[in-house]
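Each remark here refers to the structure printed beneath this line.
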Amino acid sequence: MKKFVSLSLIFFTGSIFTSLQAQKDFQILKTFRIQSGGGWDYIAVGPGNNRLYVSHGTQVNILDKTTGDSIGVIENTIGVHGIAFDKSQNKGFTSNGRINNVTVFDLTTNAVITQIPTGANPDAIMYETFTKKIITCNGRGKNLSFIDPISNKLTDSIDVGGKPETAVSNGMGKLFVNIEDKNEIVEVDLKKMAVESHWPIGPGEEPTGLALDKNTNRLFAGCGNKFLIALSAVTGKVIASMPIGDGCDGVAFDNDTKNIYTSNGEGTMSVFNEKSADKIEAVATVTTKRGARTITIDEQTHWLYLPTADFEKADPNTPNARPRMIPGTFQVLVIGK
């Protein structure tokens with residue numbers, strides 16, 4: 001018997017043995033240690049260069065994605081959130097939330113080329129294939145910035161009516177953006193450069209991570225109220241809602257295996273499998289580490305990378321106390337089978 005989701009209903013069947021076996025299949029294969037200080041956000045696998053790019057406070061650490069060996073550092077990316085790439089231009093781009101700009105760097109030498117102003121508090125960043133532009137999701141600006149990666153110039157801006165957290169593209173002129181403070185996803189028409197639709201995602205609230213299966217036209221939104229929401233990227237209809245762990249800030253989709261992963265800051269990774277457009281099977285809840293809330297996938301090896309650190313125990317006598325990070329313990333978990 002199996003666990004699956006069909007249409008908007010969730011049917012739970014399955015054996016304890018199957019669940020335990022699935023959890024054993026996923027394991028922490030390696031831990032990459034990074035000695036520099038500061039917080040973190042997104043992490044990204046480079047375009048065919050065997051590199052892993054890790055946002056870390058005021059810099060981006062570049063590691064060998066297989067061994068974890070340090071390759072270089074992109075400095076002065078203050079408040080860095082994400083990293084994107086345009087392989088055709090041999091350029092990388094970082095979204096620097098505290099200084100409201102994007103750093104452009106050379107993918108071969110890691111040398112900084114320039115910095116480009118954006119809207120306020122750029123968070124997620126991506127290379128979009130239809131427009132061939134770099135797009136930033138600007139949290140405080142409540143808009144998207146579009147950058148030409150050839151000229152390194154800001155070309156357009158679109159108001160999305162709320163705080164954009166993450167965006168994904170279908171590569172055919174439609175962009176989908178999580179609006180964290182509105183509990184919705186907006187559909188952007190990239191031909192018209194305007195918002196076309198606002199899609200509520202109830203019961204999901206505070207969507208953060210977002211992924212897309214372009215073949216089935218299914219969006220997967222990880223939410224702050226411990227739900228993964230599946231919805232149609234054509235109509236916006238919610239197809240299913242699935243329970244996940246607390247503190248999700250990232251969703252990854254494996255196009256080969258059809259696995260969906262949510263990284264949950266409580267210290268777990270929820271795993272689902274998309275059997276079809278309207279059928280999703282719950283596979284496992286994998287133990288990670290506290291703070292591992294963002295995630296990326298290597299499409300070649302199918303390894304998953306989750307940054308985190310070690311934390312002190314919270315003071316039980318202090319209400320709502322948050323544990324403090326232990327200096328010098330920043331790390332990247334490598335999870336696979």
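By order of appearance in the structure tokens: chains A, B, ..., then residues from 1 within every chain, and ligands from 1 in the order shown.
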**Message:** Need the shell around Pro47 in chain A: protein/DNA/RNA residues with any atom at most 12 Å away, counting only C-alpha atoms. Skip same-chain ones fewer than 2 positions apart. Format as JSON, numbers by chain?
**Reply:** {"A": [44, 45, 49, 50, 51, 52, 53, 65, 83, 84, 85, 86, 87, 88, 89, 90, 91, 92, 107, 108, 127, 298, 299, 300]}
Hey, what's within 12 Å of Asn61 in chain A if we count only C-alpha atoms and toss same-chain stuff fewer than 4 positions away? As a PDB file with C-alpha atoms, in the first residue's frame, please?
```pdb
ATOM      1  CA  PHE A  32      31.404  20.497   3.767  1.00  0.00           C
ATOM      2  CA  ARG A  33      32.850  22.803   6.444  1.00  0.00           C
ATOM      3  CA  ILE A  34      33.224  26.542   5.829  1.00  0.00           C
ATOM      4  CA  GLN A  35      35.091  28.533   8.443  1.00  0.00           C
ATOM      5  CA  SER A  36      33.967  32.070   7.593  1.00  0.00           C
ATOM      6  CA  GLY A  37      31.282  33.772   9.684  1.00  0.00           C
ATOM      7  CA  GLY A  38      27.836  35.176   8.956  1.00  0.00           C
ATOM      8  CA  TRP A  40      23.229  32.268   4.896  1.00  0.00           C
ATOM      9  CA  TYR A  42      20.316  30.267  -0.987  1.00  0.00           C
ATOM     10  CA  ILE A  43      22.819  27.848  -2.478  1.00  0.00           C
ATOM     11  CA  ALA A  44      23.344  27.021  -6.158  1.00  0.00           C
ATOM     12  CA  VAL A  45      25.137  24.491  -8.350  1.00  0.00           C
ATOM     13  CA  ARG A  51      31.235  24.335  -8.514  1.00  0.00           C
ATOM     14  CA  LEU A  52      28.883  24.991  -5.635  1.00  0.00           C
ATOM     15  CA  TYR A  53      28.059  28.601  -4.745  1.00  0.00           C
ATOM     16  CA  VAL A  54      27.068  29.274  -1.138  1.00  0.00           C
ATOM     17  CA  SER A  55      25.658  32.616   0.031  1.00  0.00           C
ATOM     18  CA  HIS A  56      27.247  33.523   3.354  1.00  0.00           C
ATOM     19  CA  GLY A  57      26.729  36.891   5.002  1.00  0.00           C
ATOM     20  CA  LYS A  65      30.702  20.387  -5.477  1.00  0.00           C
ATOM     21  CA  GLY A  68      33.858  20.583  -0.726  1.00  0.00           C
ATOM     22  CA  ASP A  69      37.332  22.054  -1.289  1.00  0.00           C
ATOM     23  CA  SER A  70      37.425  25.852  -1.402  1.00  0.00           C
ATOM     24  CA  ILE A  71      37.838  27.312  -4.893  1.00  0.00           C
ATOM     25  CA  GLY A  72      37.289  30.991  -4.235  1.00  0.00           C
ATOM     26  CA  VAL A  73      35.244  33.770  -2.672  1.00  0.00           C
ATOM     27  CA  ILE A  74      33.118  36.563  -4.149  1.00  0.00           C
ATOM     28  CA  GLU A  75      33.468  39.414  -1.662  1.00  0.00           C
ATOM     29  CA  ASN A  76      31.428  42.542  -0.875  1.00  0.00           C
ATOM     30  CA  THR A  77      28.063  40.851  -1.487  1.00  0.00           C
ATOM     31  CA  VAL A  80      23.686  38.148  -0.154  1.00  0.00           C
ATOM     32  CA  GLY A  82      21.012  34.073  -4.072  1.00  0.00           C
ATOM     33  CA  ILE A  83      23.229  33.253  -7.026  1.00  0.00           C
ATOM     34  CA  THR A  94      24.463  37.581  -6.741  1.00  0.00           C
ATOM     35  CA  ASN A 110      35.613  34.665 -10.126  1.00  0.00           C
ATOM     36  CA  PRO A 307      23.498  24.897   4.248  1.00  0.00           C
ATOM     37  CA  PHE A 330      28.885  26.821   9.114  1.00  0.00           C
ATOM     38  CA  GLN A 331      28.497  23.792   6.864  1.00  0.00           C
ATOM     39  CA  VAL A 332      26.771  22.338   3.814  1.00  0.00           C
TER      40      VAL A 332
END
```
**Item:** range 37-143 of chain A: residues DSSP assigns to strand (DSSP E or B), reported as JSON, numbers by chain
**Value:** {"A": [43, 44, 45, 51, 52, 53, 54, 55, 56, 59, 60, 61, 62, 63, 64, 70, 71, 72, 73, 74, 80, 81, 82, 83, 84, 85, 86, 91, 92, 93, 94, 95, 96, 101, 102, 103, 104, 105, 106, 112, 113, 114, 115, 116, 117, 122, 123, 124, 125, 126, 127, 128, 133, 134, 135, 136, 137, 138, 143]}
**Prompt:** What is the CA of Met172 in chain A to CA of Lys191 in chain A distance in Å?
**Reply:** 9.4 Å
**Request:** Determine, counting only C-alpha atoms, which protein, DNA and RNA residues have an atom within 9 Å of an atom of Cys223 in chain A; residues of the same chain fewer than 5 positions away are not included. Present the result as a PyMOL selection string.
**Result:** chain A and resi 180+183+204-209+228-229+244+246-249
Could you write out the selected residues, including N, CA and C atoms, as an mmCIF file, in the first residue's frame?
```
data_model
loop_
_atom_site.group_PDB
_atom_site.id
_atom_site.type_symbol
_atom_site.label_atom_id
_atom_site.label_comp_id
_atom_site.auth_asym_id
_atom_site.auth_seq_id
_atom_site.Cartn_x
_atom_site.Cartn_y
_atom_site.Cartn_z
ATOM 1 N N GLU A 180 4.846 36.216 -0.565
ATOM 2 C CA GLU A 180 4.845 35.687 0.792
ATOM 3 C C GLU A 180 3.802 36.328 1.691
ATOM 4 N N ASN A 183 -0.122 35.350 0.557
ATOM 5 C CA ASN A 183 -0.552 33.942 0.466
ATOM 6 C C ASN A 183 -1.051 33.601 -0.932
ATOM 7 N N GLY A 204 -2.398 26.911 2.063
ATOM 8 C CA GLY A 204 -1.020 27.351 2.272
ATOM 9 C C GLY A 204 -0.932 28.818 2.650
ATOM 10 N N GLU A 205 0.019 29.134 3.536
ATOM 11 C CA GLU A 205 0.267 30.510 3.948
ATOM 12 C C GLU A 205 1.769 30.780 3.941
ATOM 13 N N GLU A 206 2.139 32.023 3.627
ATOM 14 C CA GLU A 206 3.528 32.468 3.592
ATOM 15 C C GLU A 206 4.386 31.563 2.709
ATOM 16 N N PRO A 207 4.086 31.513 1.404
ATOM 17 C CA PRO A 207 4.888 30.672 0.509
ATOM 18 C C PRO A 207 6.319 31.181 0.374
ATOM 19 N N THR A 208 7.239 30.260 0.404
ATOM 20 C CA THR A 208 8.667 30.609 0.310
ATOM 21 C C THR A 208 9.298 29.901 -0.885
ATOM 22 N N GLY A 209 9.684 28.630 -0.715
ATOM 23 C CA GLY A 209 10.281 27.886 -1.810
ATOM 24 C C GLY A 209 9.268 27.587 -2.901
ATOM 25 N N LEU A 228 3.016 21.817 1.776
ATOM 26 C CA LEU A 228 3.463 21.911 0.397
ATOM 27 C C LEU A 228 2.212 21.942 -0.459
ATOM 28 N N ILE A 229 2.076 22.995 -1.258
ATOM 29 C CA ILE A 229 0.894 23.163 -2.097
ATOM 30 C C ILE A 229 1.258 22.844 -3.542
ATOM 31 N N ILE A 244 4.292 19.154 5.654
ATOM 32 C CA ILE A 244 5.748 19.115 5.650
ATOM 33 C C ILE A 244 6.247 19.594 7.010
ATOM 34 N N ASP A 246 8.414 22.115 9.752
ATOM 35 C CA ASP A 246 8.361 23.533 10.079
ATOM 36 C C ASP A 246 9.597 24.258 9.540
ATOM 37 N N GLY A 247 9.411 25.508 9.142
ATOM 38 C CA GLY A 247 10.533 26.354 8.751
ATOM 39 C C GLY A 247 11.027 26.132 7.345
ATOM 40 N N CYS A 248 10.145 25.753 6.443
ATOM 41 C CA CYS A 248 10.548 25.523 5.044
ATOM 42 C C CYS A 248 10.890 26.847 4.364
ATOM 43 N N ASP A 249 12.035 26.879 3.691
ATOM 44 C CA ASP A 249 12.419 28.058 2.921
ATOM 45 C C ASP A 249 12.953 27.663 1.545
#
```
**Atomic distance CA of Gly224 in chain A - CA of Ile78 in chain A, expressed in Å with one decimal** =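 Distance reported for this atom pair: 25.6 Å.
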